[in-house]
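> I am sharing start14.cif, which consists of mmCIF, C-alpha atoms:
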data_protein
#
loop_
_atom_site.label_atom_id
_atom_site.label_comp_id
_atom_site.auth_asym_id
_atom_site.auth_seq_id
_atom_site.Cartn_x
_atom_site.Cartn_y
_atom_site.Cartn_z
CA MET A 1 25.00 -15.14 -3.40
CA ALA A 2 21.42 -15.26 -4.11
CA THR A 3 19.24 -13.41 -1.65
CA PRO A 4 16.43 -15.41 -0.07
CA GLN A 5 13.09 -14.73 -1.64
CA LEU A 6 9.60 -15.21 -0.41
CA HIS A 7 6.39 -15.47 -2.39
CA LEU A 8 3.03 -15.03 -0.71
CA ILE A 9 0.23 -16.15 -2.99
CA GLY A 10 -3.37 -16.44 -1.98
CA GLU A 11 -6.66 -14.79 -1.19
CA ILE A 12 -8.35 -12.82 1.53
CA LYS A 13 -11.02 -15.44 1.65
CA SER A 14 -13.98 -14.77 3.87
CA ALA A 15 -15.45 -13.04 6.90
CA LYS A 16 -17.59 -14.64 9.54
CA ASN A 17 -19.68 -13.61 12.54
CA PHE A 18 -20.00 -9.94 11.74
CA GLU A 19 -23.33 -8.35 12.51
CA SER A 20 -23.99 -6.36 9.38
CA ASN A 21 -24.78 -7.77 5.97
CA ARG A 22 -22.79 -5.25 3.97
CA LEU A 23 -19.09 -5.45 4.60
CA PHE A 24 -15.73 -4.70 3.10
CA CYS A 25 -12.21 -5.25 4.25
CA LYS A 26 -9.01 -3.26 3.89
CA TRP A 27 -5.91 -5.37 4.15
CA GLU A 28 -2.23 -4.59 4.30
CA PHE A 29 0.92 -6.63 4.66
CA LYS A 30 3.31 -5.11 7.19
CA TYR A 31 6.95 -6.12 7.18
CA GLY A 32 10.26 -5.07 8.63
CA LYS A 33 12.80 -2.86 6.91
CA HIS A 34 15.00 -5.79 5.91
CA LEU A 35 12.32 -7.06 3.58
CA THR A 36 11.88 -5.46 0.19
CA VAL A 37 8.89 -5.85 -2.07
CA ILE A 38 9.97 -6.76 -5.59
CA ASP A 39 6.56 -7.24 -7.07
CA GLY A 40 2.90 -7.19 -6.12
CA ASN A 41 0.53 -5.06 -4.13
CA THR A 42 0.91 -5.21 -0.39
CA GLU A 43 -2.34 -3.47 0.36
CA GLY A 44 -5.81 -3.37 -1.02
CA GLU A 45 -9.46 -3.11 -0.44
CA THR A 46 -12.04 -5.75 -1.24
CA PHE A 47 -15.38 -5.39 -2.90
CA GLU A 48 -18.21 -4.07 -0.85
CA GLU A 49 -19.93 -7.33 -0.29
CA GLU A 50 -23.63 -7.88 0.15
CA LYS A 51 -24.48 -11.07 1.93
CA PRO A 52 -27.70 -12.91 1.16
CA ASP A 53 -29.65 -13.57 4.34
CA LYS A 54 -29.36 -17.33 4.05
CA GLU A 55 -25.60 -17.23 3.92
CA THR A 56 -23.53 -17.42 7.09
CA ALA A 57 -20.27 -15.97 5.77
CA PHE A 58 -19.04 -13.24 3.48
CA TYR A 59 -16.69 -14.35 0.74
CA PHE A 60 -14.24 -11.80 -0.62
CA ASP A 61 -11.79 -13.98 -2.56
CA HIS A 62 -9.48 -11.01 -2.95
CA PRO A 63 -6.27 -12.21 -4.61
CA PHE A 64 -2.73 -11.18 -3.75
CA ASP A 65 0.63 -12.30 -5.13
CA ILE A 66 3.60 -10.67 -3.40
CA HIS A 67 7.27 -11.26 -4.00
CA PHE A 68 9.70 -10.29 -1.22
CA LYS A 69 13.45 -10.14 -1.00
CA VAL A 70 14.37 -11.15 2.55
CA GLU A 71 17.63 -9.91 4.04
CA SER A 72 16.85 -10.73 7.65
CA MET A 73 14.42 -12.93 9.45
CA ARG A 74 13.46 -9.99 11.63
CA GLY A 75 10.28 -8.32 10.54
CA TRP A 76 8.62 -11.36 9.00
CA PRO A 77 5.40 -10.21 7.29
CA LYS A 78 2.12 -9.85 9.09
CA VAL A 79 -1.24 -9.09 7.62
CA VAL A 80 -3.35 -6.36 9.15
CA VAL A 81 -7.03 -6.29 8.30
CA GLU A 82 -9.57 -3.59 8.92
CA VAL A 83 -13.19 -4.59 8.47
CA TRP A 84 -15.78 -1.94 7.77
CA GLU A 85 -19.48 -2.36 7.70
CA VAL A 86 -21.89 -0.30 5.70
CA ALA A 87 -25.17 0.83 7.18
CA ASP A 88 -28.28 1.00 5.04
CA ASP A 89 -27.87 4.75 4.59
CA GLY A 90 -24.35 4.30 3.26
CA LYS A 91 -22.43 5.24 6.41
CA TYR A 92 -19.26 3.33 7.18
CA PHE A 93 -18.52 2.00 10.63
CA ILE A 94 -15.57 0.07 11.86
CA ALA A 95 -16.41 -3.57 12.45
CA GLY A 96 -13.05 -4.86 13.51
CA TYR A 97 -9.29 -4.74 13.43
CA GLY A 98 -7.13 -7.82 13.34
CA THR A 99 -3.56 -8.92 12.85
CA GLY A 100 -2.53 -12.27 11.45
CA THR A 101 0.95 -13.69 11.45
CA ILE A 102 2.17 -15.24 8.24
CA PRO A 103 3.48 -18.74 8.98
CA CYS A 104 7.15 -19.18 8.23
CA SER A 105 6.90 -22.61 6.68
CA PRO A 106 6.37 -23.12 2.98
CA GLY A 107 3.14 -24.75 1.85
CA SER A 108 -0.56 -23.97 1.78
CA HIS A 109 -2.03 -22.50 4.91
CA ASN A 110 -5.36 -21.27 6.07
CA ILE A 111 -5.19 -18.63 8.76
CA GLU A 112 -8.03 -17.21 10.74
CA ILE A 113 -7.72 -13.66 12.05
CA LYS A 114 -9.92 -12.90 15.01
CA CYS A 115 -11.02 -9.30 15.05
CA TRP A 116 -11.86 -6.78 17.71
CA ARG A 117 -12.85 -3.16 17.82
CA PRO A 118 -12.21 -0.47 20.39
CA LYS A 119 -14.87 0.06 22.99
CA ASP A 120 -15.59 3.57 24.10
CA GLN A 121 -15.15 3.90 27.82
CA THR A 122 -16.79 7.26 28.46
CA TRP A 123 -20.50 7.57 29.18
CA TYR A 124 -20.72 10.06 26.33
CA GLY A 125 -19.25 7.55 23.92
CA TYR A 126 -21.57 4.87 25.15
CA LEU A 127 -24.54 7.14 24.60
CA ARG A 128 -23.31 8.12 21.17
CA GLU A 129 -22.90 4.52 20.15
CA SER A 130 -26.27 3.36 21.37
CA LEU A 131 -28.25 6.33 20.09
CA LEU A 132 -26.47 7.39 16.93
CA GLY A 133 -24.65 4.21 16.10
CA VAL A 134 -21.35 6.08 15.80
CA ARG A 135 -18.42 3.89 16.77
CA SER A 136 -15.00 4.96 17.86
CA GLU A 137 -12.06 4.08 15.64
CA LEU A 138 -8.37 3.86 16.23
CA ALA A 139 -6.67 7.16 15.48
CA THR A 140 -3.31 5.52 14.85
CA LYS A 141 -2.94 1.97 13.71
CA GLU A 142 0.54 1.41 15.12
CA MET A 143 -0.94 -0.26 18.15
CA LEU A 144 -2.20 -3.14 16.03
CA LEU A 145 1.34 -4.35 15.61
CA SER A 146 2.86 -3.52 18.98
CA SER A 147 2.38 -4.99 22.39
CA MET A 148 2.88 -1.61 24.01
CA GLU A 149 0.14 0.83 25.02
CA ARG A 150 -2.55 -1.78 25.19
CA ASN A 151 -3.17 -1.64 28.88
CA LEU A 152 -6.18 0.37 30.15
CA PHE A 153 -7.75 -0.01 26.78
CA GLU A 154 -11.01 -1.82 26.24
CA SER A 155 -11.94 -3.79 23.20
CA GLU A 156 -14.90 -5.74 22.02
CA THR A 157 -14.66 -9.00 20.11
CA THR A 158 -16.30 -9.12 16.69
CA GLY A 159 -15.97 -11.65 13.86
CA SER A 160 -13.07 -13.21 12.06
CA ILE A 161 -11.37 -13.06 8.67
CA THR A 162 -10.00 -16.11 6.90
CA VAL A 163 -6.93 -15.90 4.66
CA ASP A 164 -5.85 -18.69 2.33
CA ILE A 165 -2.16 -18.37 1.70
CA GLY A 166 0.43 -20.32 -0.23
CA ILE A 167 4.02 -19.70 0.78
CA ILE A 168 6.94 -20.38 -1.52
CA ALA A 169 10.43 -19.82 -0.17
CA LYS A 170 13.61 -19.69 -2.20
CA ASP A 171 17.27 -19.87 -1.18
CA PHE A 172 16.76 -19.73 2.59
CA GLU A 173 18.76 -22.89 3.23
CA LEU A 174 21.81 -21.37 1.53
CA TYR A 175 22.07 -19.19 4.61
CA GLY A 176 21.46 -22.03 6.99
CA ILE A 177 17.88 -21.03 7.70
CA LYS A 178 15.52 -23.93 8.04
CA LEU A 179 11.94 -22.92 7.48
CA SER A 180 9.70 -25.92 7.78
CA MET B 1 15.37 -52.34 -18.94
CA GLU B 2 13.41 -50.81 -21.75
CA ARG B 3 10.48 -48.67 -20.89
CA SER B 4 7.91 -48.43 -23.60
CA GLU B 5 5.59 -45.56 -24.32
CA GLU B 6 2.61 -47.72 -23.51
CA ASP B 7 3.59 -48.09 -19.87
CA LEU B 8 3.58 -44.37 -19.37
CA SER B 9 0.43 -43.50 -21.23
CA LEU B 10 -2.38 -42.51 -18.96
CA GLY B 11 -5.17 -44.29 -20.75
CA SER B 12 -6.28 -45.84 -23.96
CA SER B 13 -7.82 -42.58 -25.10
CA GLU B 14 -6.35 -41.12 -28.29
CA GLU B 15 -5.85 -37.81 -26.57
CA TYR B 16 -3.07 -39.10 -24.40
CA ARG B 17 -1.12 -40.77 -27.16
CA ASP B 18 0.91 -37.79 -28.29
CA GLU B 19 3.37 -37.78 -31.12
CA GLU B 20 5.62 -35.35 -29.33
CA LYS B 21 8.12 -36.63 -26.83
CA SER B 22 6.92 -37.17 -23.31
CA ILE B 23 8.91 -35.44 -20.61
CA PHE B 24 9.72 -38.84 -19.19
CA THR B 25 11.62 -40.02 -22.25
CA GLU B 26 14.45 -37.63 -21.45
CA ASP B 27 15.02 -39.66 -18.35
CA MET B 28 15.78 -42.86 -20.25
CA ASN B 29 19.47 -42.30 -19.73
CA ILE B 30 18.99 -42.69 -16.01
CA ASP B 31 19.69 -46.40 -16.42
CA ASN B 32 23.06 -45.78 -18.04
CA PRO B 33 25.70 -45.63 -15.28
CA HIS B 34 27.83 -43.11 -17.16
CA GLU B 35 24.95 -40.77 -17.74
CA TYR B 36 23.61 -41.29 -14.28
CA SER B 37 25.78 -38.77 -12.48
CA LYS B 38 25.26 -36.16 -15.17
CA HIS B 39 21.51 -36.37 -15.09
CA GLU B 40 19.86 -33.04 -14.37
CA ASN B 41 17.58 -34.41 -11.71
CA LEU B 42 20.48 -35.70 -9.66
CA GLN B 43 22.38 -32.45 -9.55
CA THR B 44 22.21 -30.62 -6.27
CA TYR B 45 20.91 -27.09 -6.30
CA ASP B 46 23.56 -24.52 -6.98
CA PRO B 47 22.36 -20.91 -7.21
CA LYS B 48 25.31 -19.85 -9.36
CA ARG B 49 24.51 -22.34 -12.06
CA GLN B 50 20.83 -22.27 -12.88
CA PRO B 51 19.56 -25.28 -14.78
CA HIS B 52 18.98 -24.63 -18.45
CA SER B 53 15.53 -26.12 -18.73
CA PHE B 54 12.30 -25.20 -16.98
CA PHE B 55 10.32 -26.26 -14.03
CA TYR B 56 6.91 -27.71 -14.69
CA LEU B 57 3.63 -27.25 -12.94
CA GLY B 58 0.83 -29.68 -13.67
CA ILE B 59 -2.64 -28.48 -12.82
CA SER B 60 -5.48 -30.88 -13.17
CA GLY B 61 -8.76 -31.18 -11.48
CA GLN B 62 -12.40 -30.56 -11.93
CA ILE B 63 -15.15 -28.11 -11.30
CA ASP B 64 -17.23 -30.34 -9.09
CA SER B 65 -20.40 -28.68 -8.05
CA GLY B 66 -21.94 -25.47 -6.92
CA GLU B 67 -24.90 -23.92 -5.20
CA PHE B 68 -26.53 -20.91 -6.78
CA TYR B 69 -29.49 -20.26 -4.47
CA ASP B 70 -32.54 -20.19 -6.72
CA ARG B 71 -30.75 -20.14 -10.05
CA ASP B 72 -30.69 -23.14 -12.30
CA GLY B 73 -29.31 -24.14 -15.67
CA ILE B 74 -25.86 -22.65 -15.26
CA ALA B 75 -22.79 -23.28 -17.38
CA ILE B 76 -19.32 -22.64 -16.02
CA LYS B 77 -16.54 -21.25 -18.15
CA TYR B 78 -12.99 -21.26 -16.89
CA ASP B 79 -9.94 -19.30 -17.97
CA ILE B 80 -6.48 -19.80 -16.57
CA VAL B 81 -4.65 -16.50 -16.21
CA LYS B 82 -0.92 -16.39 -15.51
CA GLY B 83 2.09 -14.15 -15.87
CA ASN B 84 3.84 -13.86 -19.20
CA ARG B 85 6.81 -15.98 -18.11
CA TRP B 86 4.64 -19.05 -17.88
CA LYS B 87 4.42 -21.11 -21.04
CA LEU B 88 1.68 -23.53 -21.82
CA VAL B 89 3.06 -26.98 -22.50
CA LYS B 90 -0.09 -28.98 -22.84
CA GLY B 91 -3.80 -28.66 -22.23
CA GLU B 92 -6.65 -26.24 -22.68
CA GLU B 93 -6.46 -22.92 -20.90
CA THR B 94 -10.12 -22.24 -21.39
CA GLY B 95 -13.23 -24.35 -21.49
CA ILE B 96 -16.96 -24.17 -21.07
CA SER B 97 -19.10 -26.75 -19.39
CA GLN B 98 -22.60 -27.99 -19.99
CA HIS B 99 -25.62 -26.22 -18.59
CA GLY B 100 -26.17 -27.96 -15.30
CA PHE B 101 -29.60 -28.29 -13.77
CA ARG B 102 -30.14 -29.35 -10.25
CA ASN B 103 -31.96 -32.34 -8.91
CA GLN B 104 -35.70 -32.26 -8.51
CA GLY B 105 -35.29 -32.80 -4.80
CA ALA B 106 -34.59 -30.30 -2.10
CA SER B 107 -30.87 -30.06 -2.77
CA LYS B 108 -29.74 -26.91 -4.52
CA ARG B 109 -26.49 -28.39 -5.67
CA ILE B 110 -25.68 -28.39 -9.37
CA VAL B 111 -23.08 -30.94 -10.42
CA TRP B 112 -20.87 -30.44 -13.47
CA ASN B 113 -17.84 -32.67 -12.94
CA PHE B 114 -16.12 -30.58 -15.55
CA PRO B 115 -12.44 -31.52 -15.84
CA PHE B 116 -9.46 -29.38 -16.74
CA GLU B 117 -5.83 -30.28 -17.19
CA VAL B 118 -2.94 -28.03 -18.10
CA ILE B 119 0.82 -28.19 -17.81
CA TYR B 120 2.90 -25.04 -17.59
CA SER B 121 6.61 -24.49 -17.70
CA SER B 122 8.38 -21.51 -16.24
CA THR B 123 11.56 -20.38 -14.59
CA ASN B 124 10.03 -18.04 -12.03
CA VAL B 125 7.01 -18.49 -9.82
CA LYS B 126 6.04 -14.84 -10.14
CA ASP B 127 2.43 -14.29 -11.24
CA TRP B 128 1.33 -17.74 -10.23
CA PRO B 129 -1.59 -19.10 -12.31
CA GLN B 130 -5.09 -18.22 -11.30
CA ILE B 131 -8.30 -19.80 -12.46
CA VAL B 132 -11.01 -17.32 -13.40
CA LEU B 133 -14.55 -18.65 -13.50
CA TYR B 134 -17.68 -17.35 -15.11
CA GLY B 135 -21.16 -18.63 -14.55
CA SER B 136 -23.60 -18.07 -17.34
CA GLY B 137 -27.27 -18.73 -17.62
CA LYS B 138 -29.73 -18.42 -20.45
CA ASP B 139 -32.23 -15.63 -20.50
CA PHE B 140 -35.82 -15.89 -21.65
CA ARG B 141 -34.79 -15.65 -25.30
CA GLY B 142 -32.16 -18.33 -24.98
CA ARG B 143 -29.21 -15.96 -25.11
CA GLU B 144 -26.15 -16.81 -23.08
CA VAL B 145 -25.60 -14.19 -20.38
CA ILE B 146 -22.60 -14.16 -18.07
CA GLU B 147 -23.89 -13.40 -14.62
CA PHE B 148 -21.40 -14.69 -12.10
CA TYR B 149 -17.68 -14.17 -11.72
CA GLY B 150 -15.08 -15.69 -9.49
CA SER B 151 -11.38 -16.39 -9.24
CA VAL B 152 -8.94 -18.35 -7.15
CA HIS B 153 -5.20 -18.96 -7.17
CA VAL B 154 -4.09 -22.41 -8.12
CA PRO B 155 -2.76 -24.01 -4.90
CA THR B 156 0.98 -23.59 -4.54
CA SER B 157 1.82 -26.91 -2.95
CA PRO B 158 1.64 -30.30 -4.63
CA GLY B 159 -1.16 -32.68 -3.79
CA ARG B 160 -4.89 -32.69 -3.78
CA HIS B 161 -6.68 -29.53 -2.74
CA THR B 162 -10.31 -28.53 -2.51
CA ARG B 163 -11.18 -24.90 -2.98
CA TYR B 164 -14.50 -23.18 -2.53
CA VAL B 165 -14.87 -20.19 -4.80
CA ARG B 166 -17.46 -17.54 -4.26
CA MET B 167 -19.13 -16.43 -7.47
CA PHE B 168 -20.09 -12.79 -7.30
CA GLN B 169 -22.46 -10.58 -9.22
CA PRO B 170 -21.89 -6.85 -9.61
CA VAL B 171 -24.77 -4.88 -8.16
CA THR B 172 -26.14 -2.19 -10.42
CA SER B 173 -26.18 1.06 -8.55
CA SER B 174 -29.57 2.28 -9.71
CA ILE B 175 -32.95 0.67 -10.00
CA PHE B 176 -33.26 2.12 -13.49
CA GLY B 177 -30.06 0.36 -14.53
CA LYS B 178 -31.43 -2.90 -13.23
CA PHE B 179 -34.61 -2.43 -15.22
CA LEU B 180 -32.67 -1.54 -18.35
CA GLY B 181 -30.48 -4.58 -17.90
CA TRP B 182 -33.51 -6.78 -17.57
CA ILE B 183 -35.10 -5.36 -20.73
CA LYS B 184 -31.93 -5.62 -22.80
CA GLY B 185 -31.01 -8.98 -21.42
CA ASN B 186 -27.57 -7.97 -20.24
CA PRO B 187 -27.32 -7.31 -16.53
CA ALA B 188 -24.40 -5.34 -15.12
CA SER B 189 -21.23 -7.08 -16.19
CA TYR B 190 -17.59 -6.34 -16.68
CA LYS B 191 -15.73 -5.39 -19.78
CA ASP B 192 -12.23 -6.86 -19.96
CA ALA B 193 -13.29 -9.36 -17.38
CA PRO B 194 -10.38 -11.84 -16.86
CA ASN B 195 -7.84 -9.21 -15.87
CA LEU B 196 -10.19 -7.26 -13.70
CA ILE B 197 -11.24 -10.34 -11.83
CA ALA B 198 -7.80 -11.85 -11.45
CA LYS B 199 -5.84 -8.71 -10.55
CA GLY B 200 -7.71 -7.60 -7.49
CA GLU B 201 -6.99 -3.93 -8.13
CA GLY B 202 -9.67 -1.30 -8.26
CA ARG B 203 -12.12 -3.34 -6.27
CA GLU B 204 -12.91 -0.62 -3.77
CA VAL B 205 -16.34 0.99 -3.79
CA THR B 206 -17.66 -1.64 -6.18
CA ARG B 207 -20.68 -3.32 -4.76
CA VAL B 208 -21.11 -7.00 -5.40
CA GLN B 209 -23.43 -9.67 -4.24
CA SER B 210 -22.67 -13.29 -3.63
CA GLY B 211 -24.35 -15.37 -6.29
CA GLY B 212 -23.19 -18.82 -5.31
CA LEU B 213 -20.39 -21.03 -4.19
CA LEU B 214 -18.39 -23.39 -6.40
CA LYS B 215 -16.41 -26.38 -5.31
CA ILE B 216 -13.23 -27.07 -7.25
CA THR B 217 -10.82 -29.94 -6.76
CA PHE B 218 -7.21 -29.42 -7.79
CA GLN B 219 -4.47 -31.96 -8.21
CA ILE B 220 -1.11 -30.25 -8.37
CA THR B 221 2.11 -31.84 -9.49
CA GLN B 222 5.42 -30.05 -9.58
CA ARG B 223 8.62 -30.98 -11.30
CA ASN B 224 12.07 -29.46 -10.82
CA LEU B 225 10.95 -26.58 -8.60
CA GLU B 226 13.60 -27.44 -6.06
CA LYS B 227 16.21 -27.29 -8.83
CA TYR B 228 15.42 -23.60 -8.90
CA GLY B 229 15.62 -23.36 -5.12
CA TYR B 230 11.88 -23.08 -4.57
CA LYS B 231 10.38 -24.79 -1.58
CA THR B 232 6.63 -25.12 -1.88
CA THR B 233 5.87 -27.59 0.83
CA SER B 234 7.01 -28.19 4.38
CA ASN B 235 7.01 -31.98 4.15
CA ASP B 236 10.73 -32.53 4.10
CA ASP B 237 12.30 -35.67 2.79
#
Take the structure in this file and express it as structure tokens.

Amino acid sequence: MATPQLHLIGEIKSAKNFESNRLFCKWEFKYGKHLTVIDGNTEGETFEEEKPDKETAFYFDHPFDIHFKVESMRGWPKVVVEVWEVADDGKYFIAGYGTGTIPCSPGSHNIEIKCWRPKDQTWYGYLRESLLGVRSELATKEMLLSSMERNLFESETTGSITVDIGIIAKDFELYGIKLS
Amino acid sequence: MERSEEDLSLGSSEEYRDEEKSIFTEDMNIDNPHEYSKHENLQTYDPKRQPHSFFYLGISGQIDSGEFYDRDGIAIKYDIVKGNRWKLVKGEETGISQHGFRNQGASKRIVWNFPFEVIYSSTNVKDWPQIVLYGSGKDFRGREVIEFYGSVHVPTSPGRHTRYVRMFQPVTSSIFGKFLGWIKGNPASYKDAPNLIAKGEGREVTRVQSGGLLKITFQITQRNLEKYGYKTTSNDD
């Protein structure tokens, strides 16, 4: 029988409410081991975008077109974004991490990913951030996808990323799976 | 009941009166009770027996308007880029609009109302069509210079969709390069542009600047996609 297939077609659209006016975004689709990528890039990095002062949002319009083979509904794709800002001297700082869930109904969707960044809890880290502008980053990114290990951790809310996504599903109903 | 060509034609314009057979004429047999059950559109989807023909995607719409900060007199060129399994049935895959100037008033909006209409056939939705847009202005010597680039995927679900497309400009890394570009009349631009813009690879460490925002309206029609098992919308019947 034909294996269910999933097409994710769209763009990493825009970024809003970030402080800096030079920004770029790394994005990656994470999925379980029962999903196989047949075609398309599941990760990428957008242009380094310079925002005119009058504008309120950054627009990336970074396209993706991914084709999955789906052998189980477990591990439905999620998109993980990492927003970096660029200081005037060319240094990169983390501006936010965020995870967005891909809807499991076919059609056109617009999802907004709210982002946060880790907040340093030590007085040394606080001093370093306020004087040198150095921000702490996540050493491992596994915690973005898990609900474990988040307690006793402090985060700071930053901006949000918008993703325009078109979902095309094939052959799911042959297995009795209703998606919409 | 006989259906004549005239009923199905979209207007009195010569362009719509094609000599070749309309896709609707194949459906004439639908009125014949013996043919009725055999008609392709009435078959239920069976993955073991793929239909022999294609599915069709109709993309029509227009490049409505845009705002380009302080720039004026911009023409928009569009290119539809798709995978090699998609075949063009009808329409123009590329076109270039007039040079639009904005109103004398305070509004910075430039209106083009530039229409496009294409029909594709395919058997696989892989490499879904994308529309690549270029904005070009005229320099002081009247030469056409492409300054802005942008791209967006054609919406995947049928219906009417509005898309806002950011038009970007590559930023030249050095001040000298900017000066040279100004002298020669060709600012930093891309070679092999449609693929580079549509693919989204190799975008890292390239600095770009937002040059403006375009508004595009799409009308999407789909035919026979569910015969291939594709579900593109959640509105179930």
> CA of Arg166 (chain B) and CA of Pro115 (chain B) are how many Å apart?
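Separation between CA of Arg166 (chain B) and CA of Pro115 (chain B): 18.8 Å.
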> Taking only C-alpha atoms into account, which residues of chain B are within 8 Å of chain A, as a ChimeraX atom specification?
/B:47-48,126-128,150-153,155-157,165-166,198-201,203-210,228-236
> Kindly export the residues of the current selection with C-alpha atoms, as a PDB file, keeping the file's coordinate frame.

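Final output, saved to result-v1.pdb:
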ATOM      1  CA  PRO B  47      22.360 -20.910  -7.210  1.00  0.00           C
ATOM      2  CA  LYS B  48      25.310 -19.850  -9.360  1.00  0.00           C
ATOM      3  CA  LYS B 126       6.040 -14.840 -10.140  1.00  0.00           C
ATOM      4  CA  ASP B 127       2.430 -14.290 -11.240  1.00  0.00           C
ATOM      5  CA  TRP B 128       1.330 -17.740 -10.230  1.00  0.00           C
ATOM      6  CA  GLY B 150     -15.080 -15.690  -9.490  1.00  0.00           C
ATOM      7  CA  SER B 151     -11.380 -16.390  -9.240  1.00  0.00           C
ATOM      8  CA  VAL B 152      -8.940 -18.350  -7.150  1.00  0.00           C
ATOM      9  CA  HIS B 153      -5.200 -18.960  -7.170  1.00  0.00           C
ATOM     10  CA  PRO B 155      -2.760 -24.010  -4.900  1.00  0.00           C
ATOM     11  CA  THR B 156       0.980 -23.590  -4.540  1.00  0.00           C
ATOM     12  CA  SER B 157       1.820 -26.910  -2.950  1.00  0.00           C
ATOM     13  CA  VAL B 165     -14.870 -20.190  -4.800  1.00  0.00           C
ATOM     14  CA  ARG B 166     -17.460 -17.540  -4.260  1.00  0.00           C
ATOM     15  CA  ALA B 198      -7.800 -11.850 -11.450  1.00  0.00           C
ATOM     16  CA  LYS B 199      -5.840  -8.710 -10.550  1.00  0.00           C
ATOM     17  CA  GLY B 200      -7.710  -7.600  -7.490  1.00  0.00           C
ATOM     18  CA  GLU B 201      -6.990  -3.930  -8.130  1.00  0.00           C
ATOM     19  CA  ARG B 203     -12.120  -3.340  -6.270  1.00  0.00           C
ATOM     20  CA  GLU B 204     -12.910  -0.620  -3.770  1.00  0.00           C
ATOM     21  CA  VAL B 205     -16.340   0.990  -3.790  1.00  0.00           C
ATOM     22  CA  THR B 206     -17.660  -1.640  -6.180  1.00  0.00           C
ATOM     23  CA  ARG B 207     -20.680  -3.320  -4.760  1.00  0.00           C
ATOM     24  CA  VAL B 208     -21.110  -7.000  -5.400  1.00  0.00           C
ATOM     25  CA  GLN B 209     -23.430  -9.670  -4.240  1.00  0.00           C
ATOM     26  CA  SER B 210     -22.670 -13.290  -3.630  1.00  0.00           C
ATOM     27  CA  TYR B 228      15.420 -23.600  -8.900  1.00  0.00           C
ATOM     28  CA  GLY B 229      15.620 -23.360  -5.120  1.00  0.00           C
ATOM     29  CA  TYR B 230      11.880 -23.080  -4.570  1.00  0.00           C
ATOM     30  CA  LYS B 231      10.380 -24.790  -1.580  1.00  0.00           C
ATOM     31  CA  THR B 232       6.630 -25.120  -1.880  1.00  0.00           C
ATOM     32  CA  THR B 233       5.870 -27.590   0.830  1.00  0.00           C
ATOM     33  CA  SER B 234       7.010 -28.190   4.380  1.00  0.00           C
ATOM     34  CA  ASN B 235       7.010 -31.980   4.150  1.00  0.00           C
ATOM     35  CA  ASP B 236      10.730 -32.530   4.100  1.00  0.00           C
TER      36      ASP B 236
END
> Suppose you want the space between CA of Glu147 (chain B) and CA of Met167 (chain B); what is it in Å?
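CA of Met167 (chain B) lies at a distance of 9.1 Å from CA of Glu147 (chain B).
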> Which polymer residues have any atom within 10 Å of an atom of region 79-90 of chain A, counting all atoms listed in the file, with same-chain residues fewer than 2 positions away left out, as a PyMOL selection string?
chain A and resi 12+15+18-31+42-46+48-50+77+92-102+113-117+133+141+144-145+158-161+163
> Could you give me the centre and size, in Å to one decimal, of an axis-aligned box around all listed atoms of region 19-22 of chain A with 4 Å added on every side, as AutoDock Vina command-line options?

--center_x -23.8 --center_y -6.8 --center_z 8.2 --size_x 10.0 --size_y 11.1 --size_z 16.5
> On this structure, the PyMOL selection byres ((chain B and resi 220) around 6) would catch which residues? List them as a list of chain:residue names, sorted by chain and number.
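Residues picked by the PyMOL selection byres ((chain B and resi 220) around 6): B:Gly58, B:Ile59, B:Pro158, B:Gly159, B:Gln219, B:Thr221.
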> Only C-alpha atoms, please: the residues just picked out, written as a compact mmCIF listing (two decimals), in the frame of the given file.

# COMPACT_ATOMS: atom_id res chain seq x y z
CA GLY B 58 0.83 -29.68 -13.67
CA ILE B 59 -2.64 -28.48 -12.82
CA PRO B 158 1.64 -30.30 -4.63
CA GLY B 159 -1.16 -32.68 -3.79
CA GLN B 219 -4.47 -31.96 -8.21
CA THR B 221 2.11 -31.84 -9.49
> Applying 12 Å and only C-alpha atoms, which residues near Leu88 (chain B) remain after dropping the ones on its own chain fewer than 6 positions away? List them as a list in words.
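Here the qualifying residues turn out to be Phe54, Phe55, Tyr56, Leu57, Gly58, Ile59, Ile80, Val81, Lys82, Thr94, Glu117, Val118, Ile119, Tyr120, Ser121, Ser122 and Pro129 of chain B.
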> Report, in Å with one decimal, the straight-line distance from CA of Lys119 (chain A) to CA of Asn151 (chain A).
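One can read the CA of Lys119 (chain A) to CA of Asn151 (chain A) distance as 13.2 Å.
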> Hey, which bits of region 48-80 of chain B sit within 9 Å of region 96-104 of chain B, and for each residue what's the closest pair of atoms and how far apart in Å (one decimal), counting only C-alpha atoms, rows by chain and increasing number, as a tab-separated table?

residue	atom	partner	partner_atom	distance
B:Asp72	CA	B:Phe101	CA	5.5
B:Gly73	CA	B:Phe101	CA	4.6
B:Ile74	CA	B:His99	CA	4.9
B:Ala75	CA	B:His99	CA	4.3
B:Ile76	CA	B:Ser97	CA	5.3
B:Lys77	CA	B:Ile96	CA	4.2
B:Tyr78	CA	B:Ile96	CA	6.5
> Write a file of the just-selected residues containing C-alpha atoms, as a PDB file, in the coordinates of the input.

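Contents of part06.pdb, freshly written:
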ATOM      1  CA  ASP B  72     -30.690 -23.140 -12.300  1.00  0.00           C
ATOM      2  CA  GLY B  73     -29.310 -24.140 -15.670  1.00  0.00           C
ATOM      3  CA  ILE B  74     -25.860 -22.650 -15.260  1.00  0.00           C
ATOM      4  CA  ALA B  75     -22.790 -23.280 -17.380  1.00  0.00           C
ATOM      5  CA  ILE B  76     -19.320 -22.640 -16.020  1.00  0.00           C
ATOM      6  CA  LYS B  77     -16.540 -21.250 -18.150  1.00  0.00           C
ATOM      7  CA  TYR B  78     -12.990 -21.260 -16.890  1.00  0.00           C
TER       8      TYR B  78
END
